[in-house]
Each structure stands twice: as structure tokens, then as C-alpha cells.
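What follows is one structure encoded as C-alpha cells, with my remarks underneath.
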Amino acid sequence: MTLQVLAFALAALLMLGGAAVVALTKDLMRLVVGLGVFLLGVAGLFLYYGHAFLATAQVFVYVGGVLVLVVFAVMVVHRASGGRPIVASRHDIGAAAVAFGVSGMLVMSLRGSVGGWLPAPGASGASIAEELLGGHLVAFESLGVLLLVALVAVLVIIGSGERR
Amino acid sequence: MTLLWGFLWGVAAVATIAGGAILGVWWERKVSARIQMRYGPQQIGPFGSLQMIADVPKLLFKEDIVPALADKAIFKYAPLFVFGPVAVSMVVIPFTAGWAPLDTSVGVLFFLAVPSIEVIAILLSSWASHNTLSTLGGLRATAQMISYEVPRSLAVLAIVLLAGSLRPLDVVAAWRWWWMPLTFVAFVIYFIASIAEMNRGPFDIPEAESELVAGYFADYSGMRWASFMMAEYGAMIAASLFGAALFFGGGWPFGGALGVVVLVVKAVLIMTAIMWVKWTFPRLRQDQLMSFCWKVLTPLALVQLVVIGVVLAWL
């Protein structure tokens, strides 16, 4: 039991520490490291709940895919500027307010559904696939479209910055 | 107790890779020398096998140089995260029928997923050096590693489809000898993609010494440099063991301790082939590398999958 508590504490620590780094640091590369630590913490949490498949997929897709994409974006956008890429924002307080607002909104909307649908611990990849591609197919696919839209939006924003 | 075992397995994995790297470097020196009609190391110990005992302390005692403009924390600790995932991926290898250090239902996926942490570490270490050549090498390494992950995973998927399980032990248990001709193309794809994943010749474009000095680890020295090398040899050992276990039935036709020996022999043969490829073919160009991945290997892997699907339906 104590070992499980320890594992949970470790996962929580990784997530909280990573999130704190992401929120507080100005150095873009350290921010990416923080994000990586956070994502690994999430994988640890999945493992704690007995979803080995989900944890592995988390590392595969998020650490191996999304994070690499972010680092690539940072490196490509900040080419030949000399110094280290820094997050320069004049809207610290506004950004914090938006972040708190969005997380509050998420907590409020998810509070009701947490516990309603959770696959049994140790559920295989097949049962997760059945849930995602069965009852939750529309939500699953629209999330994919949302990600695509976000990606295109980022490219458009970067492109318009270059023209100026 | 579990924690203690986990710790012991970690130590065992690191020791295996370190020892394997030492033996591997010696073996590679011998193999490359023979390919180039030389003798290779022969002065120290029988067949020069004690040469590495002189080389390891040299690496340990070399000055540890950190560039003035480097991002110190990331520069210093990123090499650990290049080496760590390789050691971690060793634990799911089914060494013999019915025994793997860590028996998990997603072992195959685990083996494929964990090296993606290495990609991030390579990218960060190359960037932290604050050196254009390093950064360029890191970008090349990343592009190469995430591209070749696709055909590599597809090739392994062929075996997973046949076995009907992601658990390495189940795959070894379900393995039949006629899978070898059936999945030969998949094995060749796995072999090539694995070489590309470990950034070895002829896919060592990220470290091309004639244009990028040494690529992403150009600014590293001493033991930090050695951890990149250990990661490369570790990846070679892990990929060979895993390939031998999945594509050649692990310890087949033996079980138990003899199975482990057979697996290691098969893996050494694969490793020798990897070295043979490195010392035979010239380095590819970046665009050749990418088009080979996306226009040859990936479609070929998909065709192999279709073939497996047809065979499965016919069985």
C-alpha cells in the first residue's frame, strides 16, 4: 500500500512540478522540459490506475510526438536570433486570469462526469478502443479536427508574423 | 520489496548495456578491421580484448568541458536521458520462453514507445550546446528518428498481428518457424529502421563528421560523450535482442537457460550484420534518407501487413 502511495505521490509531484515550471519560467526550452515532465507524470498517473496501455500510448504520442513538435516549432521560429528563446508577454495577468478561468471551467464541467465512465483498472487496449471508437466516436473525431484546426491556426499566425 | 527488485533490475540493465557496449566496441573494431583488411586491436590481451580496459578510464578521467554559453543544467543532464530510455527498454525483452524481466501486456508497444523520450533528450542536448552544428545535427536526428519510427512500428505490427498479442512472452510462445519466411520483409524493414533509429551508419547523417563535426554531441567530452556512445551501443543491443526474440522466436528451439544463450547468439549475429552494413555502405544524403523512409520502407511495410492479413484470413 505504501508503495502505491509513493507511486501516486511521485506522479503527482512530476505533474505539479512540471506545471509549475511551465507556468513560471520564461525560458522556452526549460518550459518544454517542464511540459515533458508533466506529460510523464500523467503517464505515471495512468499507470497508478492500472492502465498500462494508456500510459505507454501517452509516452508514445505526447512525449514522442507532440512534445517533439513543440520543440521543433520553437527551434524553427527562433532561428538565427542569437539569444535564447524567451516567452515575452505583456499580458501576464490577463493570461493568468484566462488560464484560471479555463481550468475552473474544465473542473466544473468534468466534475459531474468523473467516475461515471472509467474503464476498470487493468482494462485492455481493446476495451478502450471499443469505448473510443464506439460510443465516443463523435467526440473522439471532433477532438482530432480541433487539433488540426489549432495546428493550422498556429501556422497562419506564424506566417502573418513573418510578413510584417 | 518490489521497489528493491525494480532497483536491482535497473542496475542489471545499466550493467548489461555498459558491459555490452565495451564488448560491442571491441567487436566492432575487429569486424570493421576485417572488412578493411586490417587486424584491428591485437596488442593488449588476447585478440586485443583488453583494449577497452585502457579506454574506459581514459573516458572517465577526461576533462568535462561545458561551453560558456551552454544552457548548463540541460547540457549536463540531457545525456542521462539519452541513455536512460535505452536501459529501460531492455526490461521487456523476453529472454527465454516464459521469462522476461518485466512481463507486461503492452511490452511490444513499451519497447517502441520508450525511445521517444530519447528523441527529446537528443534534441535538448543539441540545442543546449548553443552551437549551430549541434542544433542542426539534433534537428536531423529528430526528423530521422520520428520518421523511421513509422516503418519500424509497422514492421513489428506484422508479428503482433500474427501472434495476436502485444505481450512479448505471448509472441514468443505463439511463434512458429514458418513465420520467418513470411515476415522476412518485415524483419528487413525492422533492421533498417532500427539502424536509422540509433543514428548509425549509413544513416549517421546527424553526426556526419565531415560536415557537422559530430552533430548533436559535438560539444560533449569525457563521460558525457561516452553516455551518447553507450546509448548507441545500448540501442544496438536492445534492438538486436528484441528483433531476435520477435522475428526469430527468442530462444527457439530451446527453452530455459539454453534459450537465453541461443537468443544472445542470434542477437550477436544481428549486431554483426548491423556493423557490416555500417562499414560497407557510404553515408546517405538527407533527402535520400527521407524519401527512402516514406517512399520505400513505409509502403513496403504496409504491403507486408496486407500479406499477413490475407494469410491470417486463410489460416
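Order determines the names: the first chain of the C-alpha cells is A, the second B, and so forth; residues in each chain are numbered 1 upward, and ligands are numbered 1 upward as they are shown.
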
(message) So that I can check the surroundings of region 5-12 of chain A, please list as a list of chain:residue names every protein, DNA and RNA residue that reaches within 8 Å of it, counting only C-alpha atoms and ignoring chain neighbours fewer than 4 positions away.
(response) A:Met1, A:Leu16, A:Leu40, A:Gly41, A:Val42, A:Gly44, A:Leu45, A:Tyr48

(request) Show me which bits of chain B are within 6 Å of chain A, counting only C-alpha atoms, as number ranges by chain. (result) B: 106, 110, 113, 116

(request) Name the residues of region 56-165 of chain B that fall into alpha helix (DSSP H) according to DSSP on the backbone, using the chain letters and numbers of this document, as a VMD selection string. (result) chain B and resid 56 to 61 72 to 89 107 to 113 115 to 128 132 to 163

(request) Write out as a PyMOL selection string the residues lying within 12 Å of Ala23 (chain A), counting only C-alpha atoms and excluding same-chain residues fewer than 3 positions away. (result) chain A and resi 16-20+26-28+30-32+34-35+38+87+92-93+95-96+99-100

Keeping only C-alpha atoms, write the selected residues to a file as an mmCIF file, in the first residue's frame.
data_model
loop_
_atom_site.group_PDB
_atom_site.id
_atom_site.type_symbol
_atom_site.label_atom_id
_atom_site.label_comp_id
_atom_site.auth_asym_id
_atom_site.auth_seq_id
_atom_site.Cartn_x
_atom_site.Cartn_y
_atom_site.Cartn_z
ATOM 1 C CA LEU A 16 2.694 19.659 -10.261
ATOM 2 C CA GLY A 17 6.399 20.387 -10.691
ATOM 3 C CA GLY A 18 6.162 20.295 -14.462
ATOM 4 C CA ALA A 19 3.073 22.507 -14.452
ATOM 5 C CA ALA A 20 4.778 24.998 -12.139
ATOM 6 C CA LYS A 26 10.363 32.473 -19.242
ATOM 7 C CA ASP A 27 12.985 30.295 -20.927
ATOM 8 C CA LEU A 28 11.198 28.470 -23.735
ATOM 9 C CA ARG A 30 13.051 24.906 -19.932
ATOM 10 C CA LEU A 31 9.326 25.340 -20.424
ATOM 11 C CA VAL A 32 9.370 22.450 -22.868
ATOM 12 C CA GLY A 34 8.645 21.192 -17.763
ATOM 13 C CA LEU A 35 5.906 20.152 -20.178
ATOM 14 C CA PHE A 38 4.263 16.974 -16.685
ATOM 15 C CA VAL A 87 8.486 33.907 -23.632
ATOM 16 C CA ASP A 92 0.944 38.171 -17.716
ATOM 17 C CA ILE A 93 -2.038 38.965 -15.527
ATOM 18 C CA ALA A 95 -3.023 35.233 -19.339
ATOM 19 C CA ALA A 96 -3.135 34.017 -15.738
ATOM 20 C CA ALA A 99 -5.732 30.109 -17.538
ATOM 21 C CA PHE A 100 -7.539 30.060 -14.191
#

Quick one: residues within 8 Å of region 290-293 of chain B, only C-alpha atoms, excluding same-chain residues fewer than 5 positions away - as a JSON list (two decimals) with C-alpha atoms, in the first residue's frame?
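Once written, result-v9.json looks like this:
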[["chain", "number", "residue", "atom", "x", "y", "z"],
["B", 144, "GLN", "CA", 15.16, 10.79, -38.81],
["B", 147, "SER", "CA", 10.22, 9.22, -39.38],
["B", 148, "TYR", "CA", 11.75, 5.76, -39.06],
["B", 151, "PRO", "CA", 8.08, 1.72, -40.68],
["B", 298, "THR", "CA", 6.61, 2.57, -45.25]]

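Using only C-alpha atoms for every distance, the candidate list B:Val91, B:Pro202, B:Arg38, B:Ala143 yields B:Pro202 as the residue closest to Phe281 (chain B).
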
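The closest residue to Ala15 (chain B), picked from B:Ala87, B:Ile44, B:Val150, B:Ala235 and counting only C-alpha atoms, is B:Ala87.
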
Tell me which protein, DNA and RNA residues are within 10 Å of region 256-268 of chain B, counting only C-alpha atoms, leaving out same-chain ones fewer than 4 positions away, and put them as a CSV table (one decimal) with N, CA and C atoms, in the first residue's frame.
chain,number,residue,atom,x,y,z
B,24,GLY,N,30.9,-4.6,-27.3
B,24,GLY,CA,30.5,-4.2,-28.7
B,24,GLY,C,31.5,-3.4,-29.4
B,27,TRP,N,34.2,-5.6,-30.5
B,27,TRP,CA,33.8,-6.5,-31.6
B,27,TRP,C,33.7,-5.6,-32.9
B,94,PRO,N,11.8,-10.5,-23.9
B,94,PRO,CA,11.6,-11.9,-23.5
B,94,PRO,C,12.8,-12.8,-23.7
B,95,PHE,N,13.6,-12.9,-22.6
B,95,PHE,CA,14.9,-13.6,-22.8
B,95,PHE,C,14.8,-15.1,-23.1
B,96,THR,N,13.8,-15.7,-22.6
B,96,THR,CA,13.6,-17.1,-22.9
B,96,THR,C,12.1,-17.4,-22.8
B,97,ALA,N,11.6,-18.5,-23.2
B,97,ALA,CA,10.2,-18.9,-23.2
B,97,ALA,C,9.7,-18.7,-21.8
B,98,GLY,N,8.7,-17.8,-21.6
B,98,GLY,CA,8.1,-17.7,-20.3
B,98,GLY,C,8.8,-16.8,-19.3
B,99,TRP,N,9.9,-16.1,-19.7
B,99,TRP,CA,10.5,-15.2,-18.7
B,99,TRP,C,11.1,-13.9,-19.4
B,236,MET,N,21.7,-0.6,-30.0
B,236,MET,CA,22.0,-1.7,-30.9
B,236,MET,C,21.8,-3.1,-30.2
B,237,ILE,N,22.2,-3.2,-28.9
B,237,ILE,CA,22.0,-4.4,-28.2
B,237,ILE,C,20.5,-4.7,-28.0
B,238,ALA,N,19.7,-3.6,-27.6
B,238,ALA,CA,18.3,-3.8,-27.3
B,238,ALA,C,17.6,-4.2,-28.6
B,239,ALA,N,17.9,-3.5,-29.7
B,239,ALA,CA,17.2,-3.7,-30.9
B,239,ALA,C,17.5,-5.1,-31.5
B,240,SER,N,18.7,-5.6,-31.3
B,240,SER,CA,19.1,-6.9,-31.8
B,240,SER,C,18.4,-8.0,-30.9
B,241,LEU,N,18.4,-7.8,-29.6
B,241,LEU,CA,17.8,-8.8,-28.7
B,241,LEU,C,16.3,-8.9,-29.0
B,242,PHE,N,15.7,-7.7,-29.2
B,242,PHE,CA,14.2,-7.6,-29.4
B,242,PHE,C,13.9,-8.2,-30.8
B,243,GLY,N,14.7,-7.9,-31.8
B,243,GLY,CA,14.5,-8.4,-33.1
B,243,GLY,C,14.6,-9.9,-33.1
B,244,ALA,N,15.7,-10.4,-32.4
B,244,ALA,CA,15.9,-11.9,-32.4
B,244,ALA,C,14.7,-12.6,-31.7
B,245,ALA,N,14.2,-11.9,-30.6
B,245,ALA,CA,13.1,-12.5,-29.8
B,245,ALA,C,11.8,-12.5,-30.7
B,248,PHE,N,12.8,-14.1,-34.7
B,248,PHE,CA,13.4,-15.4,-34.7
B,248,PHE,C,13.1,-16.3,-33.6
B,249,GLY,N,11.9,-16.0,-32.9
B,249,GLY,CA,11.4,-16.9,-31.9
B,249,GLY,C,12.2,-17.0,-30.6
B,250,GLY,N,12.9,-15.9,-30.2
B,250,GLY,CA,13.6,-15.9,-28.9
B,250,GLY,C,14.6,-17.1,-28.9
B,251,GLY,N,14.4,-17.9,-27.8
B,251,GLY,CA,15.4,-19.0,-27.6
B,251,GLY,C,15.1,-20.2,-28.5
B,252,TRP,N,14.1,-20.1,-29.4
B,252,TRP,CA,13.7,-21.3,-30.2
B,252,TRP,C,15.0,-21.9,-30.9
B,272,THR,N,26.3,-8.1,-35.6
B,272,THR,CA,27.4,-8.1,-36.5
B,272,THR,C,26.9,-7.6,-37.9
B,273,ALA,N,25.7,-8.0,-38.3
B,273,ALA,CA,25.1,-7.6,-39.5
B,273,ALA,C,25.0,-6.0,-39.5
B,274,ILE,N,24.6,-5.5,-38.4
B,274,ILE,CA,24.4,-4.0,-38.3
B,274,ILE,C,25.8,-3.3,-38.5

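Taking only C-alpha atoms into account, Leu3 (chain B) lies nearest to A:Thr2 out of the set A:Phe140, A:Val66, A:Ala129, A:Thr2.
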
(request) Please identify all polymer residues within 10 Å of Asn131 (chain B), counting only C-alpha atoms, omitting same-chain residues fewer than 2 positions from it, and present them as a count of residues only. (result) 16

(request) For each of B:Ile122, B:Met275, B:Ala226, B:Val311, take the minimum atom-to-atom distance to Leu139 (chain B), counting only C-alpha atoms, then give the residue where this is smallest. (result) B:Ile122

(request) Identify which of the residues B:Ala54, B:Ile17, B:Val310, B:Ala163 lies closest to Met229 (chain B), counting only C-alpha atoms when measuring atom-to-atom distances. (result) B:Ile17

(request) Between CA of Leu124 (chain B) and CA of Leu146 (chain A), measure the distance and give it in Å to one decimal. (result) 28.5 Å

(message) Please determine, counting only C-alpha atoms, which residue among B:Gly107, B:Gly84, B:Gly19, B:Pro181 has the shortest atom-to-atom distance to Ile308 (chain B).
(response) B:Pro181
